[in-house]
Every structure is written in structure tokens, then in C-alpha cells.
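Printed here is run_19.txt (compact mmCIF, C-alpha atoms and all ligand atoms):
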```txt
# COMPACT_ATOMS: atom_id res chain seq x y z
CA MET L 1 75.23 103.59 117.05
CA TYR L 2 73.94 100.05 116.33
CA GLY L 3 75.40 96.75 117.51
CA TYR L 4 74.51 94.78 114.38
CA PHE L 5 77.94 94.57 112.77
CA ASP L 6 81.59 95.02 113.75
CA TYR L 7 83.89 97.82 112.70
CA ASN L 8 87.48 97.33 111.63
CA GLN L 9 89.32 99.35 114.32
CA PRO L 10 90.53 102.01 114.66
CA LEU L 11 87.58 103.92 113.27
CA PHE L 12 87.66 107.71 112.90
CA ARG L 13 85.03 110.28 111.95
CA PRO L 14 84.95 114.08 112.06
CA PRO L 15 83.44 115.63 115.24
CA SER L 16 80.48 116.93 113.21
CA GLU L 17 79.56 113.36 112.17
CA ALA L 18 78.97 112.25 115.77
CA GLN L 19 75.28 111.53 115.09
CA SER L 20 75.85 109.73 111.78
CA LEU L 21 75.62 106.03 111.06
CA ILE L 22 79.02 104.91 109.75
CA PHE L 23 79.78 102.36 107.04
CA GLN L 24 83.39 101.44 106.26
CA ILE L 25 83.45 101.12 102.48
CA THR L 26 87.26 101.28 102.43
CA LEU L 27 89.79 100.24 105.05
CA GLY L 28 92.79 102.49 105.77
CA CYS L 29 93.97 105.25 103.44
CA SER L 30 94.97 104.98 99.76
CA HIS L 31 97.94 107.31 100.40
CA ASN L 32 98.88 106.44 104.01
CA ASN L 33 102.18 108.24 103.64
CA CYS L 34 101.82 111.61 105.38
CA THR L 35 104.57 111.89 108.01
CA PHE L 36 102.33 113.53 110.62
CA CYS L 37 99.40 111.10 110.30
CA GLY L 38 99.38 107.79 112.16
CA MET L 39 95.64 107.20 111.82
CA TYR L 40 95.80 104.25 109.44
CA LYS L 41 99.44 103.16 109.65
CA MET L 42 98.33 99.78 111.10
CA LYS L 43 95.98 99.02 108.17
CA ASN L 44 96.60 97.89 104.61
CA PHE L 45 94.42 99.84 102.24
CA ALA L 46 91.48 97.81 100.89
CA LEU L 47 88.11 98.31 99.21
CA ARG L 48 85.23 96.49 100.84
CA LYS L 49 82.82 94.69 98.53
CA VAL L 50 79.44 96.27 97.80
CA ASP L 51 77.87 92.97 98.95
CA GLU L 52 79.56 93.28 102.36
CA VAL L 53 78.10 96.78 102.80
CA ALA L 54 74.69 95.46 101.63
CA ALA L 55 74.87 92.70 104.26
CA GLU L 56 75.59 95.28 106.99
CA ILE L 57 72.62 97.37 105.87
CA ALA L 58 70.40 94.28 105.87
CA ALA L 59 71.47 93.49 109.45
CA ILE L 60 69.86 96.70 110.71
CA PRO L 61 66.13 96.25 111.50
CA ALA L 62 63.85 98.31 109.25
CA PRO L 63 62.41 100.47 112.11
CA HIS L 64 65.97 101.54 113.01
CA ARG L 65 66.90 102.19 109.39
CA ALA L 66 63.85 104.44 109.08
CA ARG L 67 65.27 106.85 111.67
CA VAL L 68 68.71 107.35 110.09
CA GLN L 69 69.15 110.82 108.56
CA ARG L 70 72.92 111.05 108.14
CA ILE L 71 75.53 108.52 107.03
CA PHE L 72 79.33 108.86 107.07
CA LEU L 73 81.50 106.73 104.78
CA ALA L 74 84.86 105.69 106.25
CA ASP L 75 87.84 105.02 106.31
CA GLY L 76 90.47 107.68 105.54
CA ASP L 77 89.54 108.60 101.95
CA ALA L 78 86.37 106.69 101.06
CA LEU L 79 85.86 108.96 98.03
CA VAL L 80 88.58 106.91 96.30
CA TYR L 81 86.06 104.05 95.93
CA PRO L 82 85.63 103.39 92.16
CA GLN L 83 82.75 105.41 90.72
CA ALA L 84 80.46 102.51 89.69
CA GLY L 85 80.75 100.85 93.11
CA LEU L 86 80.28 104.14 94.94
CA VAL L 87 77.12 104.85 92.91
CA ALA L 88 75.86 101.34 93.77
CA ILE L 89 76.51 101.96 97.49
CA LEU L 90 74.77 105.35 97.44
CA ASP L 91 71.79 103.76 95.65
CA LEU L 92 71.64 101.05 98.34
CA LEU L 93 71.69 103.72 101.06
CA ALA L 94 68.89 105.71 99.40
CA GLU L 95 66.76 102.57 99.01
CA ASN L 96 67.24 101.39 102.58
CA PHE L 97 67.24 104.63 104.59
CA PRO L 98 64.03 106.51 103.66
CA ALA L 99 64.80 109.51 105.92
CA LEU L 100 68.38 109.95 104.67
CA THR L 101 69.24 113.62 104.06
CA ARG L 102 73.00 113.52 103.52
CA VAL L 103 75.98 111.26 103.05
CA ALA L 104 79.49 112.45 103.97
CA ALA L 105 83.00 111.06 103.45
CA TYR L 106 86.68 111.81 103.95
CA ALA L 107 88.39 112.85 100.70
CA SER L 108 92.18 112.96 100.28
CA PRO L 109 93.64 114.89 97.33
CA ASN L 110 94.41 111.49 95.76
CA SER L 111 90.77 110.42 96.03
CA LEU L 112 89.57 113.60 94.29
CA THR L 113 91.88 112.92 91.31
CA THR L 114 89.88 109.73 90.69
CA LYS L 115 86.64 111.68 90.09
CA SER L 116 85.65 114.10 87.30
CA VAL L 117 83.26 116.99 87.93
CA GLU L 118 80.55 114.92 86.17
CA ASN L 119 81.29 111.96 88.47
CA LEU L 120 81.02 114.26 91.50
CA ARG L 121 77.74 115.77 90.22
CA LEU L 122 76.22 112.31 89.98
CA LEU L 123 77.43 111.47 93.51
CA ARG L 124 75.87 114.68 94.77
CA GLU L 125 72.54 113.79 93.12
CA LYS L 126 72.76 110.55 95.07
CA LYS L 127 73.09 112.50 98.35
CA LEU L 128 76.87 112.73 98.80
CA ARG L 129 76.71 116.29 100.16
CA ILE L 130 79.94 116.98 102.10
CA LEU L 131 83.60 115.95 101.85
CA TYR L 132 86.16 116.36 104.65
CA PHE L 133 89.50 117.35 103.13
CA GLY L 134 92.90 117.65 104.83
CA LEU L 135 94.79 120.60 103.37
CA GLU L 136 97.15 120.62 106.39
CA SER L 137 99.16 123.54 104.94
CA ALA L 138 99.31 125.49 101.72
CA ASP L 139 103.05 126.09 102.08
CA ASP L 140 104.57 123.91 99.35
CA ALA L 141 107.85 123.34 101.19
CA THR L 142 105.87 122.03 104.17
CA LEU L 143 103.62 119.86 101.99
CA LYS L 144 106.73 118.31 100.47
CA LEU L 145 108.34 117.78 103.87
CA VAL L 146 105.27 115.94 105.17
CA ASN L 147 104.77 113.80 102.03
CA LYS L 148 101.22 114.98 101.39
CA GLY L 149 101.80 114.00 97.76
CA PHE L 150 100.27 117.15 96.25
CA ASP L 151 101.19 120.83 96.17
CA SER L 152 98.84 123.64 97.13
CA ALA L 153 97.85 124.52 93.53
CA GLN L 154 96.97 120.89 92.77
CA MET L 155 94.89 120.67 95.94
CA LEU L 156 93.08 123.90 95.04
CA ALA L 157 92.25 122.53 91.58
CA GLU L 158 90.93 119.26 93.08
CA CYS L 159 88.78 121.07 95.63
CA GLU L 160 87.41 123.38 92.94
CA LYS L 161 86.02 120.28 91.19
CA ALA L 162 83.97 119.47 94.30
CA LYS L 163 82.81 123.07 94.44
CA ALA L 164 81.76 122.97 90.77
CA ALA L 165 79.72 119.86 91.59
CA GLN L 166 78.12 121.71 94.55
CA ILE L 167 79.46 119.27 97.11
CA LYS L 168 80.30 121.08 100.34
CA LEU L 169 83.89 121.02 101.58
CA SER L 170 85.13 120.97 105.15
CA VAL L 171 88.87 121.75 105.08
CA THR L 172 91.35 121.26 107.91
CA ALA L 173 94.83 122.71 108.47
CA ILE L 174 97.26 121.86 111.28
CA LEU L 175 98.78 124.44 113.61
CA GLY L 176 102.43 123.62 114.33
CA LEU L 177 102.75 121.27 111.34
CA ALA L 178 105.62 123.24 109.78
CA GLY L 179 107.50 123.69 113.03
CA ARG L 180 109.36 126.87 113.85
CA GLN L 181 111.25 126.77 110.53
CA ARG L 182 108.26 127.68 108.35
CA SER L 183 105.55 128.77 110.78
CA HIS L 184 105.20 132.19 109.15
CA GLU L 185 105.08 130.84 105.56
CA HIS L 186 102.67 128.08 106.65
CA ALA L 187 100.30 130.62 108.24
CA LEU L 188 100.30 133.07 105.33
CA ALA L 189 99.99 130.49 102.54
CA THR L 190 97.24 128.58 104.35
CA ALA L 191 95.15 131.72 104.89
CA GLU L 192 95.60 132.72 101.23
CA TRP L 193 94.57 129.25 100.01
CA VAL L 194 91.41 129.33 102.13
CA ASN L 195 90.65 132.84 100.83
CA ALA L 196 90.99 131.57 97.25
CA LEU L 197 88.70 128.53 97.72
CA SER L 198 86.30 129.86 100.35
CA PRO L 199 85.22 126.36 101.45
CA GLU L 200 81.91 126.02 103.33
CA TYR L 201 83.83 125.04 106.50
CA PHE L 202 87.40 125.54 107.67
CA SER L 203 88.95 124.30 110.90
CA LEU L 204 92.31 124.32 112.57
CA LEU L 205 93.71 121.35 114.45
CA THR L 206 96.92 121.36 116.49
CA MET L 207 99.77 118.97 115.71
CA PHE L 208 99.73 116.06 118.19
CA ARG L 209 101.54 112.77 118.70
CA ARG L 210 99.97 109.54 117.41
CA HIS L 211 102.23 107.00 115.67
CA ASN L 212 104.20 109.85 114.13
CA ASP L 213 107.45 110.28 116.12
CA ALA L 214 109.45 110.58 112.88
CA HIS L 215 107.53 113.74 111.99
CA PHE L 216 108.72 115.47 115.17
CA GLU L 217 112.32 114.81 114.11
CA LEU L 218 111.68 116.81 110.92
CA ILE L 219 110.56 119.98 112.72
CA ALA L 220 111.46 122.24 115.65
CA GLN L 221 108.23 121.84 117.59
CA LEU L 222 106.28 124.99 118.42
CA SER L 223 105.58 125.86 122.04
CA ASN L 224 102.02 126.50 123.24
CA GLY L 225 102.59 130.25 122.81
CA GLU L 226 104.02 129.85 119.32
CA VAL L 227 101.04 127.71 118.27
CA MET L 228 98.75 130.52 119.42
CA GLU L 229 100.83 133.13 117.58
CA GLU L 230 100.52 131.03 114.42
CA ALA L 231 96.74 130.84 114.87
CA VAL L 232 96.57 134.63 115.29
CA GLU L 233 98.62 135.13 112.12
CA ILE L 234 96.26 132.85 110.19
CA VAL L 235 93.05 134.56 111.30
CA ARG L 236 94.53 138.04 110.74
CA ASN L 237 95.05 137.03 107.10
CA LEU L 238 91.79 135.13 106.58
CA HIS L 239 89.05 136.84 104.57
CA PRO L 240 87.19 134.13 102.64
CA HIS L 241 84.08 135.11 100.72
CA LYS L 242 81.74 132.79 102.67
CA THR L 243 83.14 130.25 105.14
CA ILE L 244 82.20 128.95 108.57
CA LEU L 245 85.18 128.64 110.91
CA ARG L 246 84.67 126.06 113.65
CA SER L 247 87.89 125.15 115.30
CA ASN L 248 86.97 122.93 118.22
CA HIS L 249 89.15 119.82 117.92
CA VAL L 250 90.28 118.25 121.20
CA SER L 251 93.90 118.96 120.20
CA ASN L 252 93.34 122.74 120.14
CA LEU L 253 94.64 125.06 122.84
CA PHE L 254 91.63 127.33 122.38
CA ASN L 255 88.45 127.25 120.28
CA LEU L 256 87.51 129.61 117.48
CA ALA L 257 84.08 129.95 115.87
CA GLY L 258 82.31 132.32 113.53
CA SER L 259 81.17 132.96 109.97
CA TYR L 260 83.05 134.90 107.30
CA PRO L 261 82.69 137.64 106.30
CA LYS L 262 80.32 138.71 109.13
CA ASP L 263 82.40 137.69 112.17
CA ARG L 264 85.93 138.35 110.85
CA GLU L 265 86.85 141.08 113.34
CA GLN L 266 85.31 139.14 116.23
CA ILE L 267 87.30 136.01 115.30
CA ILE L 268 90.55 138.02 115.23
CA ALA L 269 89.63 139.53 118.61
CA GLN L 270 88.91 136.02 120.04
CA ALA L 271 92.34 134.79 118.94
CA GLU L 272 94.18 137.93 120.10
CA MET L 273 92.50 137.82 123.51
CA ALA L 274 93.47 134.16 123.94
CA LEU L 275 97.07 135.09 123.11
CA VAL L 276 97.09 137.96 125.63
CA GLU L 277 95.73 135.59 128.30
CA ALA L 278 98.35 132.94 127.39
CA LYS L 279 101.17 135.48 127.82
CA ARG L 280 100.12 135.88 131.43
CA HIS L 281 101.29 132.27 132.00
CA PRO L 282 104.93 132.34 130.85
CA ASN L 283 105.74 128.81 132.05
CA TRP L 284 102.86 127.29 130.07
CA TYR L 285 103.64 129.56 127.10
CA THR L 286 107.07 128.03 126.59
CA LEU L 287 106.03 124.38 127.05
CA VAL L 288 105.24 122.26 123.99
CA PRO L 289 101.59 121.10 123.60
CA ASP L 290 101.11 117.83 125.50
CA TYR L 291 97.95 116.39 123.90
CA GLU L 292 98.59 112.95 122.40
CA GLU L 293 96.56 109.90 121.37
CA THR L 294 97.95 106.59 122.53
CA HIS L 295 94.95 104.24 122.48
CA PHE L 296 95.64 102.86 118.98
C1 LIG L 301 91.26 111.10 107.58
S1 LIG L 301 92.21 112.55 107.35
C2 LIG L 301 91.25 113.68 106.41
C3 LIG L 301 90.89 113.25 105.02
C4 LIG L 301 91.93 112.82 104.06
N1 LIG L 301 92.58 111.62 104.43
C5 LIG L 301 92.95 113.86 103.70
O1 LIG L 301 94.10 113.69 104.06
O2 LIG L 301 92.58 114.84 103.04
C6 LIG L 301 92.22 113.20 108.92
C7 LIG L 301 92.86 114.53 109.20
O3 LIG L 301 93.27 114.55 110.57
C8 LIG L 301 94.34 115.44 110.71
N2 LIG L 301 95.44 114.76 111.44
C9 LIG L 301 95.88 113.50 111.26
N3 LIG L 301 96.88 113.25 112.14
C10 LIG L 301 97.09 114.37 112.85
C11 LIG L 301 97.99 114.72 113.91
N4 LIG L 301 98.88 113.86 114.39
N5 LIG L 301 97.91 115.96 114.44
C12 LIG L 301 96.98 116.85 113.97
N6 LIG L 301 96.11 116.58 112.97
C13 LIG L 301 96.15 115.35 112.42
C14 LIG L 301 94.76 115.93 109.34
O4 LIG L 301 94.24 117.21 109.11
C15 LIG L 301 94.11 114.90 108.44
O5 LIG L 301 93.80 115.44 107.18
S1 LIG L 302 96.34 112.74 106.29
FE1 LIG L 302 94.79 111.76 105.02
S2 LIG L 302 95.94 111.26 103.14
FE2 LIG L 302 97.48 111.62 104.70
S3 LIG L 302 97.92 109.59 105.53
FE3 LIG L 302 96.35 110.56 106.86
S4 LIG L 302 94.43 109.81 106.10
FE4 LIG L 302 95.96 109.44 104.48
```
Could you take the file, read its structure, and then write that structure out as C-alpha cells?
Ligand SMILES: C[S@@+](CC[C@H](N)C(=O)[O-])C[C@H]1O[C@@H](n2cnc3c(N)ncnc32)[C@H](O)[C@@H]1O
Ligand code: SF4
Amino acid sequence: MYGYFDYNQPLFRPPSEAQSLIFQITLGCSHNNCTFCGMYKMKNFALRKVDEVAAEIAAIPAPHRARVQRIFLADGDALVYPQAGLVAILDLLAENFPALTRVAAYASPNSLTTKSVENLRLLREKKLRILYFGLESADDATLKLVNKGFDSAQMLAECEKAKAAQIKLSVTAILGLAGRQRSHEHALATAEWVNALSPEYFSLLTMFRRHNDAHFELIAQLSNGEVMEEAVEIVRNLHPHKTILRSNHVSNLFNLAGSYPKDREQIIAQAEMALVEAKRHPNWYTLVPDYEETHF
């Protein structure tokens, strides 16, 4: 957005933060051990100093700062930043960006364990309004296989803390993560977990290659058709109380969008129609998804 300071590459942000100004308050990921995730494998986890963030803010001319409404805190689980420092950073943002409406961050399950509900309430008061959380799967055998470090019940308890603090949650799960071995269990458990939490947002990504070859040795990779069947099984079992589904990641074979409970039947119909269409292309149906990221 601005050319006043350099980012430590690679830098990632959710698609919905495309218009946000980004500050890297951490580098890498405090866990960095999920088999499927190569996003931060090339980085050693580190906290950046509050003074470094302050210097980056100061480098932005005041007229530009005045126009910033949204800020995203990177890298992979910026919520892990120690509470006192995170409060200091949020105070700096509020002081320097007069039009700021919301701050967002990635939050791993590990990062949520470092914050109490009271801590999270204070962060919310200081404009931390949404956390992006990678559930990946709620099938415990799959979570263990991929080294997520937490089981589904632990992750539910951690996310419920954010909910109690009225911080919005955007949760992602990965189609194809469990391979053919546990596709069915992965689909059912994931839908049930989302029903239990009813996060504000839920999206599906599709397993792709990026510094994670070892993960593909753990699973029998799903074909395009099997990925779509898994998606259909998930949406047939989804009935959260109030959740927006927006599944539009570049890795996906088809997009899904709608709001629960209102659009439930329409979402199922969207997924089933995509599956019917896919079956008309038997060669494509049996191929494995070919999207991969090789630039980092
Ligand atoms: C920065 S993390 C999200 C926040 C946090 N680190 C966590 O794990 O909860 C980015 C998300 O991208 C997704 N992801 C990472 N590598 C992927 C891959 N190879 N294929 C599909 N999704 C992937 C996962 O859902 C992961 O949670
Ligand atoms: S999925 Fe999240 S917690 Fe796991 S290694 Fe990637 S960034 Fe870290």
C-alpha cells in the first residue's frame, strides 16, 4: 500500500484484508510445525520491537495515515504477541490512525492459549475486531497426523474465548487435507465443529502444494471429483446458527457463498450442481488438483 518501509518476505494476508495496511509485529509462526503449511518454513519465529513498529508508523506521512481505516497484523499468528506489547501497539495505532475502524490478525490455537477472555476483551476495546483462525479439520486423527498441536475440543474452547470477548472469528478448513483415508470423518467432524461454534465467517480452502511435499506422502491425495464430493458432504451437514460462508480462495475448484441459516438450501444446491457439472468431465474428475504456489 505504501512504500515507506520494507516487509520481511514472504508476507501473507487473508483475501478479505486486501485493502488493509499491514504491519508485521511478529515474523513467522510460533508453531511452524503443521505438515501441510509451508508459509513460514523459511523464517525463524521472532517478535518485532514496539519501537520498530512505531518507527514504521512514523514513516507514513500524516495525510496518508488519516485515510487508513483497516489494519492487519502479520505474520502467521500475531495474536501471540505478549499482552502488554500488543496493547501498546494497538494504542499506537489508535493514536496515529484517526479513521481506524478495525484491526485484524491471524490467530493460531497456540496464540489463543496466551490470552484470557479479559485480555481479549481489552484488545477488542482497542479495536482488535477479527481473528483469522485455521481449524483445518475437526477430525482428531487428522489433526494429529498434520501436527496441528491441538485437538478439536481444545480448539473449540480457545475459539469460544474469542467469542466471549466479542471478537469476530473467520475460520478456515482445508478440503483434501485428510486424504482419501479420512475424507468422510474429516467432512462430518468439521461441519459439526462449525455448527457448535457458529463463527461469524467460515471458508473452505483446497489442499495445495507449497513447501509441503512431506504432507502428500502422509495421505492418498483426493482427485478433483473427490474434493468436490467432500465439499458437498460438508455443506450437507452444515447448519450453524449464524455464519457467513465465503469460500473463494484461489485454490478452490469452485466458489461457495451465502449466509446461514437463510441460504443453507441454496448453498447445498450450489455445491451439488457443481458436482453434477464436474461428473460430465470424467477425465478432469479423476485428476488431482494442480494448483500450487512456487514463488516462495
Ligand atoms: C497463517 S495460517 C492461519 C492462522 C493461524 N496460523 C492458524 O494456523 O490458525 C494460514 C492458513 O492457510 C491455510 N493453508 C496453509 N497452507 C496451506 C496449503 N498448503 N493448502 C491449503 N491451505 C493452506 C490453512 O488453513 C492455514 O490455517
Ligand atoms: S497453519 Fe498456522 S499454525 Fe500451522 S504452521 Fe501454518 S501458520 Fe503456523
Quick check, in Å to one decimal: how far apart do atom CA of Ala94 of chain L and atom CA of Ser170 of chain L lie? 23.0 Å
Neighbouring residues of ligand LIG 302 (chain L) are defined here as those with any atom at most 9 Å from a ligand atom, counting all atoms listed in the file; list them as a PyMOL selection string. chain L and resi 28-41+75-77+106-111+133-136+146-149
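For the pair atom CA of Arg210 of chain L and atom C5 of ligand LIG 301 (chain L), the interatomic distance is 16.0 Å.
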Give me the residues of segment 58-172 of chain L that have any atom at most 8 Å from an atom of segment 178-200 of chain L; for each, the nearest atom pair and the distance in Å, rounded to one decimal. Use only C-alpha atoms, sort by chain and number, and format it as a tab-separated table.
```
residue	atom	partner	partner_atom	distance
L:Ser137	CA	L:Thr190	CA	5.4
L:Ala138	CA	L:Thr190	CA	4.6
L:Asp139	CA	L:His186	CA	5.0
L:Thr142	CA	L:Ala178	CA	5.7
L:Ser152	CA	L:Trp193	CA	7.6
L:Leu156	CA	L:Leu197	CA	6.9
L:Cys159	CA	L:Leu197	CA	7.7
L:Glu160	CA	L:Leu197	CA	7.1
L:Lys168	CA	L:Glu200	CA	6.0
L:Leu169	CA	L:Pro199	CA	5.5
L:Ser170	CA	L:Glu200	CA	6.3
L:Val171	CA	L:Pro199	CA	6.9
```
Would you output that residue set with C-alpha atoms, as a PDB file, in the frame of the given file?
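Generated file (again12.pdb):
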```pdb
ATOM      1  CA  SER L 137      99.160 123.540 104.940  1.00  0.00           C
ATOM      2  CA  ALA L 138      99.310 125.490 101.720  1.00  0.00           C
ATOM      3  CA  ASP L 139     103.050 126.090 102.080  1.00  0.00           C
ATOM      4  CA  THR L 142     105.870 122.030 104.170  1.00  0.00           C
ATOM      5  CA  SER L 152      98.840 123.640  97.130  1.00  0.00           C
ATOM      6  CA  LEU L 156      93.080 123.900  95.040  1.00  0.00           C
ATOM      7  CA  CYS L 159      88.780 121.070  95.630  1.00  0.00           C
ATOM      8  CA  GLU L 160      87.410 123.380  92.940  1.00  0.00           C
ATOM      9  CA  LYS L 168      80.300 121.080 100.340  1.00  0.00           C
ATOM     10  CA  LEU L 169      83.890 121.020 101.580  1.00  0.00           C
ATOM     11  CA  SER L 170      85.130 120.970 105.150  1.00  0.00           C
ATOM     12  CA  VAL L 171      88.870 121.750 105.080  1.00  0.00           C
TER      13      VAL L 171
END
```
Leaving out Glu272 of chain L and any residue of its chain fewer than 5 positions from it, which residues lie within 9 Å of it when counting all atoms listed in the file, given as number ranges by chain? L: 228-229, 232, 267, 277
Atom N5 of ligand LIG 301 (chain L) to atom CA of Arg209 of chain L, distance in Å rounded to a single decimal: 6.4 Å
Could you give me the centre and size, in Å to one decimal, of an axis-aligned box around all listed atoms of ligand LIG 301 (chain L) with 8 Å added on every side, as AutoDock Vina command-line options?
```
--center_x 94.9 --center_y 114.2 --center_z 108.7 --size_x 24.0 --size_y 22.1 --size_z 27.4
```
Let me make sure I understand: among L:Ile71, L:Ala274, L:Leu245, L:Ala257, which one has the smallest atom-to-atom distance to Glu17 of chain L if we use all atoms listed in the file?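 For Glu17 of chain L, the nearest of the given residues is L:Ile71.
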Hey, which of L:Tyr260, L:Tyr201, L:Tyr291, L:Phe208 ends up closest to ligand LIG 301 (chain L)? Count all atoms listed in the file.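 Under the stated criterion, the closest residue is L:Phe208.
Nearest residue to Gln24 of chain L among L:Leu79, L:Leu275, L:Ala141, L:Met42 is L:Leu79, counting all atoms listed in the file.
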Give me, as a list in words, all polymer residues having an atom no more than 8 Å from Pro261 of chain L, counting only C-alpha atoms and skipping those fewer than 3 positions away in the same chain. His239, Pro240, His241, Lys242, Thr243 and Arg264 of chain L
Give me, as a short mmCIF file (atom, residue, chain, number, x, y, z; two decimals) with C-alpha atoms, in the frame of the given file, all polymer residues having an atom no more than 8 Å from Leu204 of chain L, counting only C-alpha atoms and skipping those fewer than 6 positions away in the same chain.
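Heads up, here's the output in selection.cif:
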```
data_model
loop_
_atom_site.label_atom_id
_atom_site.label_comp_id
_atom_site.auth_asym_id
_atom_site.auth_seq_id
_atom_site.Cartn_x
_atom_site.Cartn_y
_atom_site.Cartn_z
CA THR L 172 91.35 121.26 107.91
CA ALA L 173 94.83 122.71 108.47
CA ILE L 174 97.26 121.86 111.28
CA LEU L 175 98.78 124.44 113.61
CA ARG L 246 84.67 126.06 113.65
CA SER L 247 87.89 125.15 115.30
CA ASN L 248 86.97 122.93 118.22
CA HIS L 249 89.15 119.82 117.92
CA ASN L 252 93.34 122.74 120.14
#
```
Leu11 of chain L environment, 8 Å, all atoms listed in the file, sequence neighbours closer than 3 positions dropped, as a list in words: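 Residues meeting the cut-off are Tyr7, Asn8, Ala74 and Asp75 of chain L.
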Pick out the closest residue to Lys262 of chain L from this set: L:Ile244, L:Met155, L:Val250, L:Leu27. Count all atoms listed in the file.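 Residue with the minimum atom-to-atom distance to Lys262 of chain L: L:Ile244.
Distances from L:Arg102, L:Lys49, L:Arg13, L:Arg70 to Ile89 of chain L were compared using only C-alpha atoms, and the smallest one belongs to L:Lys49.
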Select, counting all atoms listed in the file, all protein, DNA and RNA residues no farther than 10 Å from (84.4, 98.0, 101.3) in file coordinates, and express the selection as a VMD selection string. chain L and resid 23 to 27 46 to 53 73 to 75 78 81 85 to 86 89
